>>> print(open('target33.txt').read())   # compact mmCIF, C-alpha atoms
# COMPACT_ATOMS: atom_id res chain seq x y z
CA MET A 157 17.07 10.50 13.37
CA PHE A 158 16.83 9.65 9.65
CA PHE A 159 18.84 6.44 10.12
CA SER A 160 16.63 5.35 13.04
CA LYS A 161 13.44 5.92 11.08
CA ILE A 162 14.75 4.07 8.03
CA ILE A 163 15.62 1.02 10.13
CA ASP A 164 12.18 1.03 11.79
CA ARG A 165 10.43 1.46 8.44
CA TYR A 166 12.31 -1.47 6.96
CA ALA A 167 11.43 -3.61 9.97
CA LEU A 168 7.78 -2.56 9.66
CA TYR A 169 7.76 -3.53 5.98
CA ASP A 170 9.03 -6.94 6.98
CA LEU A 171 6.54 -7.11 9.86
CA HIS A 172 3.58 -6.53 7.59
CA LYS A 173 4.54 -9.34 5.25
CA ASN A 174 2.70 -11.46 7.81
CA ARG A 175 -0.70 -10.04 8.63
CA SER A 176 -4.17 -11.43 9.19
CA LYS A 177 -5.54 -12.80 5.93
CA TYR A 178 -9.13 -12.49 7.12
CA SER A 179 -11.03 -10.03 9.30
CA GLN A 180 -10.53 -10.45 13.04
CA PHE A 181 -13.52 -8.24 13.81
CA SER A 182 -16.23 -10.06 15.74
CA SER A 183 -18.90 -7.64 16.96
CA PHE A 184 -19.31 -4.51 18.99
CA PRO A 185 -18.93 -5.30 22.71
CA THR A 186 -22.22 -5.53 24.58
CA PHE A 187 -20.49 -4.66 27.86
CA ILE A 188 -17.85 -2.00 28.42
CA PRO A 189 -16.07 -2.24 31.81
CA GLU A 190 -15.81 1.07 33.63
CA ILE A 191 -12.62 2.59 34.98
CA LYS A 192 -14.05 2.64 38.50
CA ASP A 193 -14.23 -1.17 38.33
CA ARG A 194 -10.54 -1.67 37.42
CA GLU A 195 -9.66 -3.46 40.66
CA ALA A 196 -12.42 -6.02 40.25
CA PHE A 197 -11.82 -6.43 36.53
CA TYR A 198 -8.16 -7.35 37.02
CA LYS A 199 -8.55 -9.19 40.32
CA THR A 200 -6.30 -12.21 40.72
CA GLN A 201 -6.17 -15.11 43.14
CA LYS A 202 -3.81 -17.68 44.54
CA THR A 203 -2.65 -20.37 42.15
CA ASP A 204 -0.35 -23.37 42.23
CA VAL A 205 2.68 -22.91 40.01
CA SER A 206 4.43 -26.08 38.89
CA LEU A 207 8.19 -26.07 38.45
CA ASP A 208 9.76 -28.62 36.13
CA ILE A 209 13.56 -28.53 36.28
CA HIS A 210 15.17 -29.97 33.15
CA PHE A 211 18.91 -29.50 33.72
CA SER A 212 21.61 -27.52 35.52
CA GLU A 213 23.65 -24.75 33.92
CA LYS A 214 26.49 -23.15 35.89
CA SER A 215 24.95 -22.35 39.27
CA TYR A 216 21.38 -22.51 37.99
CA ASN A 217 18.56 -25.00 37.82
CA VAL A 218 16.87 -24.51 34.45
CA GLY A 219 13.36 -25.53 33.47
CA THR A 220 9.80 -24.30 33.10
CA PHE A 221 7.07 -22.90 35.31
CA SER A 222 3.45 -23.55 34.40
CA PHE A 223 -0.09 -23.09 35.64
CA GLN A 224 -3.62 -22.95 34.36
CA SER A 225 -4.62 -19.43 33.44
CA LEU A 226 -6.95 -17.85 35.97
CA PHE A 227 -8.95 -16.36 33.12
CA GLN A 228 -10.04 -19.10 30.75
CA PHE A 229 -10.94 -18.46 27.11
CA GLY A 230 -11.82 -22.07 26.44
CA ASP A 231 -8.83 -22.38 24.11
CA PRO A 232 -6.67 -25.31 25.32
CA PHE A 233 -3.57 -23.99 23.57
CA ASN A 234 -3.85 -20.58 25.25
CA ASP A 235 -5.31 -21.38 28.67
CA THR A 236 -2.23 -23.19 29.98
CA LEU A 237 0.67 -20.86 30.64
CA LYS A 238 4.22 -22.20 30.45
CA GLY A 239 7.31 -20.02 30.75
CA GLU A 240 11.03 -20.49 31.24
CA VAL A 241 12.66 -20.31 34.65
CA PHE A 242 16.29 -20.05 35.81
CA LEU A 243 16.76 -20.52 39.55
CA ASN A 244 19.98 -19.86 41.45
CA LYS A 245 20.86 -23.07 43.28
CA SER A 246 22.77 -21.45 46.12
CA ASN A 247 21.15 -18.09 46.96
CA VAL A 248 17.65 -18.27 48.44
CA ASN A 249 17.49 -14.51 49.01
CA THR A 250 18.28 -13.53 45.45
CA PRO A 251 16.05 -11.03 43.61
CA ASN A 252 13.43 -12.48 41.28
CA ILE A 253 13.13 -10.81 37.88
CA ILE A 254 10.19 -11.44 35.54
CA PHE A 255 10.58 -10.57 31.85
CA VAL A 256 7.57 -9.84 29.64
CA HIS A 257 8.14 -9.86 25.87
CA GLY A 258 6.72 -7.75 23.05
CA TRP A 259 3.90 -8.19 20.54
CA ARG A 260 4.64 -10.62 17.74
CA MET A 261 7.92 -11.78 19.26
CA GLU A 262 8.34 -15.46 18.46
CA SER A 263 10.66 -16.27 21.35
CA PHE A 264 12.43 -14.70 24.31
CA ASP A 265 15.68 -14.45 22.33
CA ARG A 266 15.79 -10.65 22.02
CA ILE A 267 15.26 -10.19 25.73
CA LYS A 268 17.78 -12.89 26.58
CA LYS A 269 20.41 -11.23 24.38
CA MET A 270 19.97 -8.08 26.44
CA PHE A 271 19.95 -9.45 29.95
CA HIS A 272 20.38 -13.16 30.36
CA ASN A 273 24.14 -13.75 30.46
CA ARG A 274 24.84 -10.61 32.48
CA ILE A 275 22.37 -11.65 35.14
CA MET A 276 23.48 -15.26 35.18
CA ASN A 277 27.22 -14.49 35.25
CA ASP A 278 27.34 -11.33 37.36
CA LEU A 279 24.23 -11.03 39.52
CA GLY A 280 22.85 -14.51 40.14
CA TRP A 281 19.22 -13.42 40.16
CA ASP A 282 16.35 -15.83 39.57
CA MET A 283 14.80 -15.25 36.13
CA TYR A 284 11.26 -15.93 34.91
CA TYR A 285 10.23 -15.49 31.26
CA PHE A 286 6.49 -14.86 31.09
CA PRO A 287 4.66 -15.70 27.81
CA LEU A 288 1.77 -13.41 26.84
CA PRO A 289 -1.60 -14.74 25.64
CA TYR A 290 -1.69 -16.13 22.10
CA HIS A 291 2.11 -15.94 21.75
CA PHE A 292 4.67 -18.73 21.30
CA GLN A 293 3.18 -22.11 22.19
CA ARG A 294 -0.05 -20.35 23.25
CA GLN A 295 -1.02 -19.52 19.65
CA PRO A 296 -3.30 -21.86 17.67
CA ASP A 297 -1.95 -23.83 14.74
CA ASN A 298 -3.81 -21.69 12.21
CA SER A 299 -2.45 -18.42 13.59
CA LEU A 300 -0.28 -16.64 11.02
CA TYR A 301 2.00 -14.96 13.54
CA SER A 302 2.69 -14.91 17.25
CA GLY A 303 0.23 -12.59 18.99
CA GLU A 304 -2.22 -12.35 16.07
CA LEU A 305 -5.14 -13.11 18.37
CA MET A 306 -4.02 -10.99 21.33
CA ILE A 307 -4.06 -7.53 19.73
CA SER A 308 -6.50 -7.35 16.83
CA ALA A 309 -9.72 -5.89 15.48
CA ASN A 310 -11.60 -8.28 17.75
CA ILE A 311 -12.28 -5.54 20.29
CA ASP A 312 -13.47 -7.67 23.19
CA ARG A 313 -10.85 -10.40 22.75
CA THR A 314 -8.11 -7.74 22.87
CA VAL A 315 -9.48 -6.47 26.18
CA GLN A 316 -9.90 -9.94 27.61
CA SER A 317 -6.42 -11.02 26.44
CA THR A 318 -4.98 -8.02 28.27
CA ARG A 319 -7.05 -9.00 31.29
CA GLN A 320 -5.75 -12.56 31.11
CA ALA A 321 -2.15 -11.33 30.94
CA ILE A 322 -2.62 -9.05 33.96
CA VAL A 323 -4.44 -11.60 36.12
CA ASP A 324 -1.89 -14.32 35.42
CA LEU A 325 1.16 -12.09 35.84
CA ARG A 326 -0.19 -10.93 39.19
CA ALA A 327 -0.74 -14.57 40.18
CA LEU A 328 2.88 -15.39 39.36
CA ILE A 329 4.06 -12.37 41.37
CA HIS A 330 2.00 -13.52 44.35
CA TRP A 331 3.37 -17.05 44.08
CA ILE A 332 6.97 -15.81 44.02
CA LYS A 333 6.32 -13.57 47.02
CA ALA A 334 4.86 -16.52 48.94
CA ASN A 335 7.61 -19.00 48.01
CA LYS A 336 10.77 -16.90 47.61
CA LYS A 337 12.51 -14.46 49.92
CA GLY A 338 14.03 -11.94 47.51
CA PRO A 339 12.36 -8.87 45.97
CA VAL A 340 10.26 -9.13 42.81
CA ILE A 341 11.18 -7.07 39.73
CA ILE A 342 9.19 -6.84 36.50
CA VAL A 343 10.77 -5.81 33.21
CA GLY A 344 8.65 -5.36 30.10
CA VAL A 345 9.69 -4.68 26.52
CA SER A 346 7.36 -2.99 24.00
CA LEU A 347 3.92 -4.60 24.50
CA GLY A 348 5.46 -6.24 27.55
CA GLY A 349 6.16 -2.75 28.87
CA PHE A 350 2.51 -1.84 28.40
CA ILE A 351 1.52 -4.97 30.36
CA THR A 352 3.99 -4.39 33.20
CA ASN A 353 2.94 -0.74 33.44
CA LEU A 354 -0.69 -1.77 33.79
CA VAL A 355 0.23 -4.38 36.41
CA ALA A 356 2.10 -1.72 38.40
CA THR A 357 -1.13 0.29 38.80
CA LEU A 358 -2.84 -2.73 40.36
CA GLU A 359 -0.19 -4.68 42.24
CA SER A 360 1.60 -3.59 45.42
CA LYS A 361 3.79 -6.72 45.71
CA ILE A 362 6.22 -5.47 43.05
CA ASP A 363 9.50 -4.04 44.32
CA ALA A 364 10.75 -2.44 41.10
CA LEU A 365 9.64 -1.89 37.50
CA VAL A 366 11.53 -1.20 34.28
CA SER A 367 9.48 -0.56 31.15
CA ILE A 368 11.34 -0.42 27.82
CA PHE A 369 9.93 1.20 24.65
CA TYR A 370 6.43 0.89 26.11
CA SER A 371 3.07 2.00 24.75
CA ASN A 372 0.28 3.40 26.93
CA ARG A 373 -3.01 3.51 25.02
CA LEU A 374 -3.78 0.59 22.72
CA SER A 375 -6.37 2.73 20.94
CA TYR A 376 -3.74 5.39 20.22
CA SER A 377 -1.21 2.85 18.98
CA ILE A 378 -3.63 1.09 16.64
CA TRP A 379 -4.99 4.32 15.22
CA ASN A 380 -1.82 6.40 14.97
CA THR A 381 1.15 4.12 14.35
CA ILE A 382 2.22 2.05 11.38
CA PRO A 383 2.12 -1.38 13.11
CA GLY A 384 -1.60 -0.96 13.72
CA LYS A 385 -2.61 0.18 10.25
CA PHE A 386 -4.17 -3.08 9.07
CA ILE A 387 -6.03 -3.53 12.35
CA ARG A 388 -7.31 0.02 11.97
CA GLU A 389 -8.45 -0.75 8.42
CA ASP A 390 -10.33 -3.80 9.69
CA LEU A 391 -12.01 -1.75 12.42
CA GLU A 392 -12.96 1.12 10.11
CA HIS A 393 -14.37 -1.33 7.56
CA HIS A 394 -16.79 -2.48 10.28
CA GLY A 395 -17.81 1.01 11.32
CA VAL A 396 -15.56 1.52 14.34
CA ASN A 397 -14.17 5.05 14.75
CA TYR A 398 -11.36 6.31 16.97
CA ASN A 399 -13.67 7.60 19.71
CA ASP A 400 -15.39 4.21 19.83
CA LEU A 401 -12.07 2.45 20.28
CA ILE A 402 -10.94 4.83 23.02
CA LYS A 403 -14.12 4.04 24.92
CA TYR A 404 -13.91 0.26 24.40
CA TRP A 405 -10.24 -0.03 25.38
CA GLN A 406 -9.97 2.60 28.11
CA ILE A 407 -9.96 -0.09 30.82
CA THR A 408 -6.57 -1.23 29.52
CA GLU A 409 -4.78 2.14 29.80
CA PRO A 410 -1.98 2.30 32.43
CA SER A 411 -2.36 6.09 32.58
CA GLU A 412 -5.84 5.59 34.08
CA GLY A 413 -4.18 4.43 37.31
CA ILE A 414 -1.34 5.39 39.63
CA PRO A 415 1.45 2.90 40.38
CA LYS A 416 1.17 1.05 43.68
CA ILE A 417 4.93 0.85 44.01
CA LYS A 418 7.36 3.61 44.92
CA LYS A 419 7.84 6.10 42.12
CA ASP A 420 11.57 6.04 42.88
CA ASN A 421 11.61 2.34 41.95
CA ILE A 422 10.23 2.90 38.44
CA LEU A 423 12.39 3.34 35.34
CA LEU A 424 10.83 4.16 31.97
CA ILE A 425 12.92 3.95 28.79
CA SER A 426 11.70 5.41 25.50
CA ALA A 427 13.02 5.85 21.97
CA LYS A 428 12.74 9.37 20.57
CA HIS A 429 12.29 8.25 16.96
CA ASP A 430 10.20 5.13 17.62
CA GLN A 431 7.96 4.22 14.66
CA TYR A 432 6.17 1.50 16.63
CA VAL A 433 5.37 3.44 19.81
CA ASP A 434 4.64 7.15 19.39
CA ILE A 435 6.78 9.21 21.76
CA GLU A 436 3.73 11.37 22.55
CA ASP A 437 1.94 8.34 23.95
CA ALA A 438 5.00 7.42 26.03
CA ASP A 439 5.24 11.03 27.25
CA TYR A 440 1.58 10.94 28.26
CA LEU A 441 2.13 8.02 30.65
CA TRP A 442 5.32 9.49 32.10
CA GLU A 443 3.56 12.76 32.88
CA SER A 444 0.42 11.12 34.26
CA TRP A 445 2.58 9.09 36.65
CA GLY A 446 4.30 12.19 38.03
CA LYS A 447 7.47 11.88 35.93
CA PRO A 448 9.40 8.93 37.43
CA THR A 449 12.98 8.30 36.32
CA ARG A 450 13.09 8.15 32.54
CA TYR A 451 15.70 7.75 29.82
CA VAL A 452 14.95 8.80 26.24
CA TYR A 453 17.33 7.29 23.69
CA ASN A 454 18.12 8.90 20.37
CA CYS A 455 17.00 5.89 18.35
CA GLY A 456 13.96 4.04 17.02
CA HIS A 457 12.23 0.85 18.13
CA ALA A 458 15.07 -1.12 16.55
CA GLY A 459 17.12 0.06 19.53
CA ILE A 460 15.82 -3.10 21.22
CA VAL A 461 18.47 -4.81 19.09
CA LEU A 462 20.95 -2.04 18.25
CA ASN A 463 21.10 -0.54 21.76
CA ARG A 464 20.65 -3.70 23.77
CA LYS A 465 23.93 -3.31 25.67
CA LYS A 466 23.02 0.21 26.77
CA ILE A 467 19.50 -0.87 27.71
CA ALA A 468 20.88 -3.71 29.82
CA THR A 469 23.48 -1.51 31.50
CA ASP A 470 21.00 1.26 32.35
CA THR A 471 18.38 -1.21 33.54
CA LEU A 472 20.62 -3.34 35.72
CA LEU A 473 22.44 -0.39 37.30
CA PHE A 474 19.09 1.19 38.16
CA LEU A 475 17.80 -2.05 39.71
CA GLN A 476 20.97 -2.72 41.68
CA ASN A 477 20.79 0.76 43.16
CA LYS A 478 17.19 0.24 44.19
CA ILE A 479 17.07 -3.28 45.57
CA GLN A 480 20.60 -4.12 46.72
CA ARG A 481 21.27 -1.31 49.14
>>> encode(input="target33.txt", output="structure tokens")
Amino acid sequence: MFFSKIIDRYALYDLHKNRSKYSQFSSFPTFIPEIKDREAFYKTQKTDVSLDIHFSEKSYNVGTFSFQSLFQFGDPFNDTLKGEVFLNKSNVNTPNIIFVHGWRMESFDRIKKMFHNRIMNDLGWDMYYFPLPYHFQRQPDNSLYSGELMISANIDRTVQSTRQAIVDLRALIHWIKANKKGPVIIVGVSLGGFITNLVATLESKIDALVSIFYSNRLSYSIWNTIPGKFIREDLEHHGVNYNDLIKYWQITEPSEGIPKIKKDNILLISAKHDQYVDIEDADYLWESWGKPTRYVYNCGHAGIVLNRKKIATDTLLFLQNKIQR
């Protein structure tokens, strides 16, 4: 336990070397969406996804998928979504797995180190790497770190960025279902787990979900964990209290909904000593969802790196048992 916390604390110290140099707070929202309107708030629609194949690698065609976001901010750099795609050249019925990365990740490298070679060499599944709003190439030039504008003290932009992620991820799922024959799997890591969990409460076209070191309530994470401390300071400086934030961000909470996929096809993975995602918040979601299959590792958030082989093994064995019967 001590070792895990020390590693997380060191990583957090390094994380906070880059933080917003100016206040992200904008104003108090004039409209707060209600939980009863969740379906309409996160409604998606059909979109055309462009595939641009750049080269072949082993038995795969490798390139990018792209489309215009269905929820436009008016930011050219953010409103076009472009992710990486790896398509099996020979198996049209292969499963399709979508990976969603974490907050402040600067690339898909950590996720690829967990899963990519094992899937490409052993399973042959199609892989899609989905970039979240304001991350990677979707961040503006003056952004100090990847994801700075997605989760911040700008209360409404945080909600609308989450909305954009959900609407667009659902659109990609629908496009895959319409154009591919295999099942669709979503795997989220950290913030990506939060996003995939929320999608699972809205989308019935998902065949399986794995959520790794996920959070549940953004308000809880910002107010009660070390990664959110500077955002909390910004909010408090402008008169926002915890109860305000709960109310403003409640529409984003996965625990406010029930998954629309089979509970047996859900795997949740948590870290007991996580300093980024409080285990109590992870417990809360697990219990509210009726306790689907869950693994709790004896590590911290750094287990994304230190335990990546175990995460990959547990995840892929679970998925193979569920979708390749």
>>> residues_around(input="target33.txt", residues="Arg450 (chain A)", least_positions_apart="3", cutoff="9 Å", atoms="all atoms listed in the file", output="VMD selection string")
chain A and resid 422 to 426 442 447
>>> residues_around(input="target33.txt", residues="region 343-356 of chain A", least_positions_apart="5", cutoff="7 Å", atoms="all atoms listed in the file", output="PyMOL selection string")
chain A and resi 254-259+322+365-372+409-410+415-417
>>> write_last_selection(input="target33.txt", atoms="C-alpha atoms", output="PDB file, keeping the file's coordinate frame")
ATOM      1  CA  ILE A 254      10.190 -11.440  35.540  1.00  0.00           C
ATOM      2  CA  PHE A 255      10.580 -10.570  31.850  1.00  0.00           C
ATOM      3  CA  VAL A 256       7.570  -9.840  29.640  1.00  0.00           C
ATOM      4  CA  HIS A 257       8.140  -9.860  25.870  1.00  0.00           C
ATOM      5  CA  GLY A 258       6.720  -7.750  23.050  1.00  0.00           C
ATOM      6  CA  TRP A 259       3.900  -8.190  20.540  1.00  0.00           C
ATOM      7  CA  ILE A 322      -2.620  -9.050  33.960  1.00  0.00           C
ATOM      8  CA  LEU A 365       9.640  -1.890  37.500  1.00  0.00           C
ATOM      9  CA  VAL A 366      11.530  -1.200  34.280  1.00  0.00           C
ATOM     10  CA  SER A 367       9.480  -0.560  31.150  1.00  0.00           C
ATOM     11  CA  ILE A 368      11.340  -0.420  27.820  1.00  0.00           C
ATOM     12  CA  PHE A 369       9.930   1.200  24.650  1.00  0.00           C
ATOM     13  CA  TYR A 370       6.430   0.890  26.110  1.00  0.00           C
ATOM     14  CA  SER A 371       3.070   2.000  24.750  1.00  0.00           C
ATOM     15  CA  ASN A 372       0.280   3.400  26.930  1.00  0.00           C
ATOM     16  CA  GLU A 409      -4.780   2.140  29.800  1.00  0.00           C
ATOM     17  CA  PRO A 410      -1.980   2.300  32.430  1.00  0.00           C
ATOM     18  CA  PRO A 415       1.450   2.900  40.380  1.00  0.00           C
ATOM     19  CA  LYS A 416       1.170   1.050  43.680  1.00  0.00           C
ATOM     20  CA  ILE A 417       4.930   0.850  44.010  1.00  0.00           C
TER      21      ILE A 417
END
>>> axis_aligned_box(input="target33.txt", around="region 263-266 of chain A", padding_each_side="6 Å", output="lines of an AutoDock Vina configuration file")
center_x = 13.2
center_y = -13.5
center_z = 22.8
size_x = 17.1
size_y = 17.6
size_z = 15.0
>>> closest_residue(input="target33.txt", among="A:Asn477, A:Gln431, A:Thr471, A:Ser215", to="Thr381 (chain A)", atoms="all atoms listed in the file")
A:Gln431
>>> atom_distance(input="target33.txt", atom1="CA of Met270 (chain A)", atom2="CA of Leu328 (chain A)")
22.6 Å
>>> atom_distance(input="target33.txt", atom1="CA of Tyr404 (chain A)", atom2="CA of Gly384 (chain A)")
16.3 Å
>>> residues_around(input="target33.txt", residues="region 315-321 of chain A", least_positions_apart="3", cutoff="10 Å", atoms="all atoms listed in the file", output="CSV table (one decimal) with C-alpha atoms, keeping the file's coordinate frame")
chain,number,residue,atom,x,y,z
A,188,ILE,CA,-17.8,-2.0,28.4
A,189,PRO,CA,-16.1,-2.2,31.8
A,197,PHE,CA,-11.8,-6.4,36.5
A,198,TYR,CA,-8.2,-7.4,37.0
A,199,LYS,CA,-8.6,-9.2,40.3
A,200,THR,CA,-6.3,-12.2,40.7
A,225,SER,CA,-4.6,-19.4,33.4
A,226,LEU,CA,-7.0,-17.8,36.0
A,227,PHE,CA,-9.0,-16.4,33.1
A,228,GLN,CA,-10.0,-19.1,30.8
A,229,PHE,CA,-10.9,-18.5,27.1
A,234,ASN,CA,-3.8,-20.6,25.2
A,235,ASP,CA,-5.3,-21.4,28.7
A,237,LEU,CA,0.7,-20.9,30.6
A,256,VAL,CA,7.6,-9.8,29.6
A,286,PHE,CA,6.5,-14.9,31.1
A,287,PRO,CA,4.7,-15.7,27.8
A,288,LEU,CA,1.8,-13.4,26.8
A,289,PRO,CA,-1.6,-14.7,25.6
A,290,TYR,CA,-1.7,-16.1,22.1
A,305,LEU,CA,-5.1,-13.1,18.4
A,306,MET,CA,-4.0,-11.0,21.3
A,307,ILE,CA,-4.1,-7.5,19.7
A,308,SER,CA,-6.5,-7.4,16.8
A,310,ASN,CA,-11.6,-8.3,17.8
A,311,ILE,CA,-12.3,-5.5,20.3
A,312,ASP,CA,-13.5,-7.7,23.2
A,324,ASP,CA,-1.9,-14.3,35.4
A,325,LEU,CA,1.2,-12.1,35.8
A,326,ARG,CA,-0.2,-10.9,39.2
A,327,ALA,CA,-0.7,-14.6,40.2
A,348,GLY,CA,5.5,-6.2,27.6
A,350,PHE,CA,2.5,-1.8,28.4
A,351,ILE,CA,1.5,-5.0,30.4
A,352,THR,CA,4.0,-4.4,33.2
A,354,LEU,CA,-0.7,-1.8,33.8
A,355,VAL,CA,0.2,-4.4,36.4
A,374,LEU,CA,-3.8,0.6,22.7
A,404,TYR,CA,-13.9,0.3,24.4
A,405,TRP,CA,-10.2,0.0,25.4
A,406,GLN,CA,-10.0,2.6,28.1
A,407,ILE,CA,-10.0,-0.1,30.8
A,408,THR,CA,-6.6,-1.2,29.5
>>> closest_residue(input="target33.txt", among="A:Asp420, A:Glu412, A:Glu392, A:Asp231", to="Pro296 (chain A)", atoms="only C-alpha atoms")
A:Asp231
>>> closest_residue(input="target33.txt", among="A:Lys177, A:Arg388, A:His457, A:Lys337", to="Val248 (chain A)", atoms="all atoms listed in the file")
A:Lys337
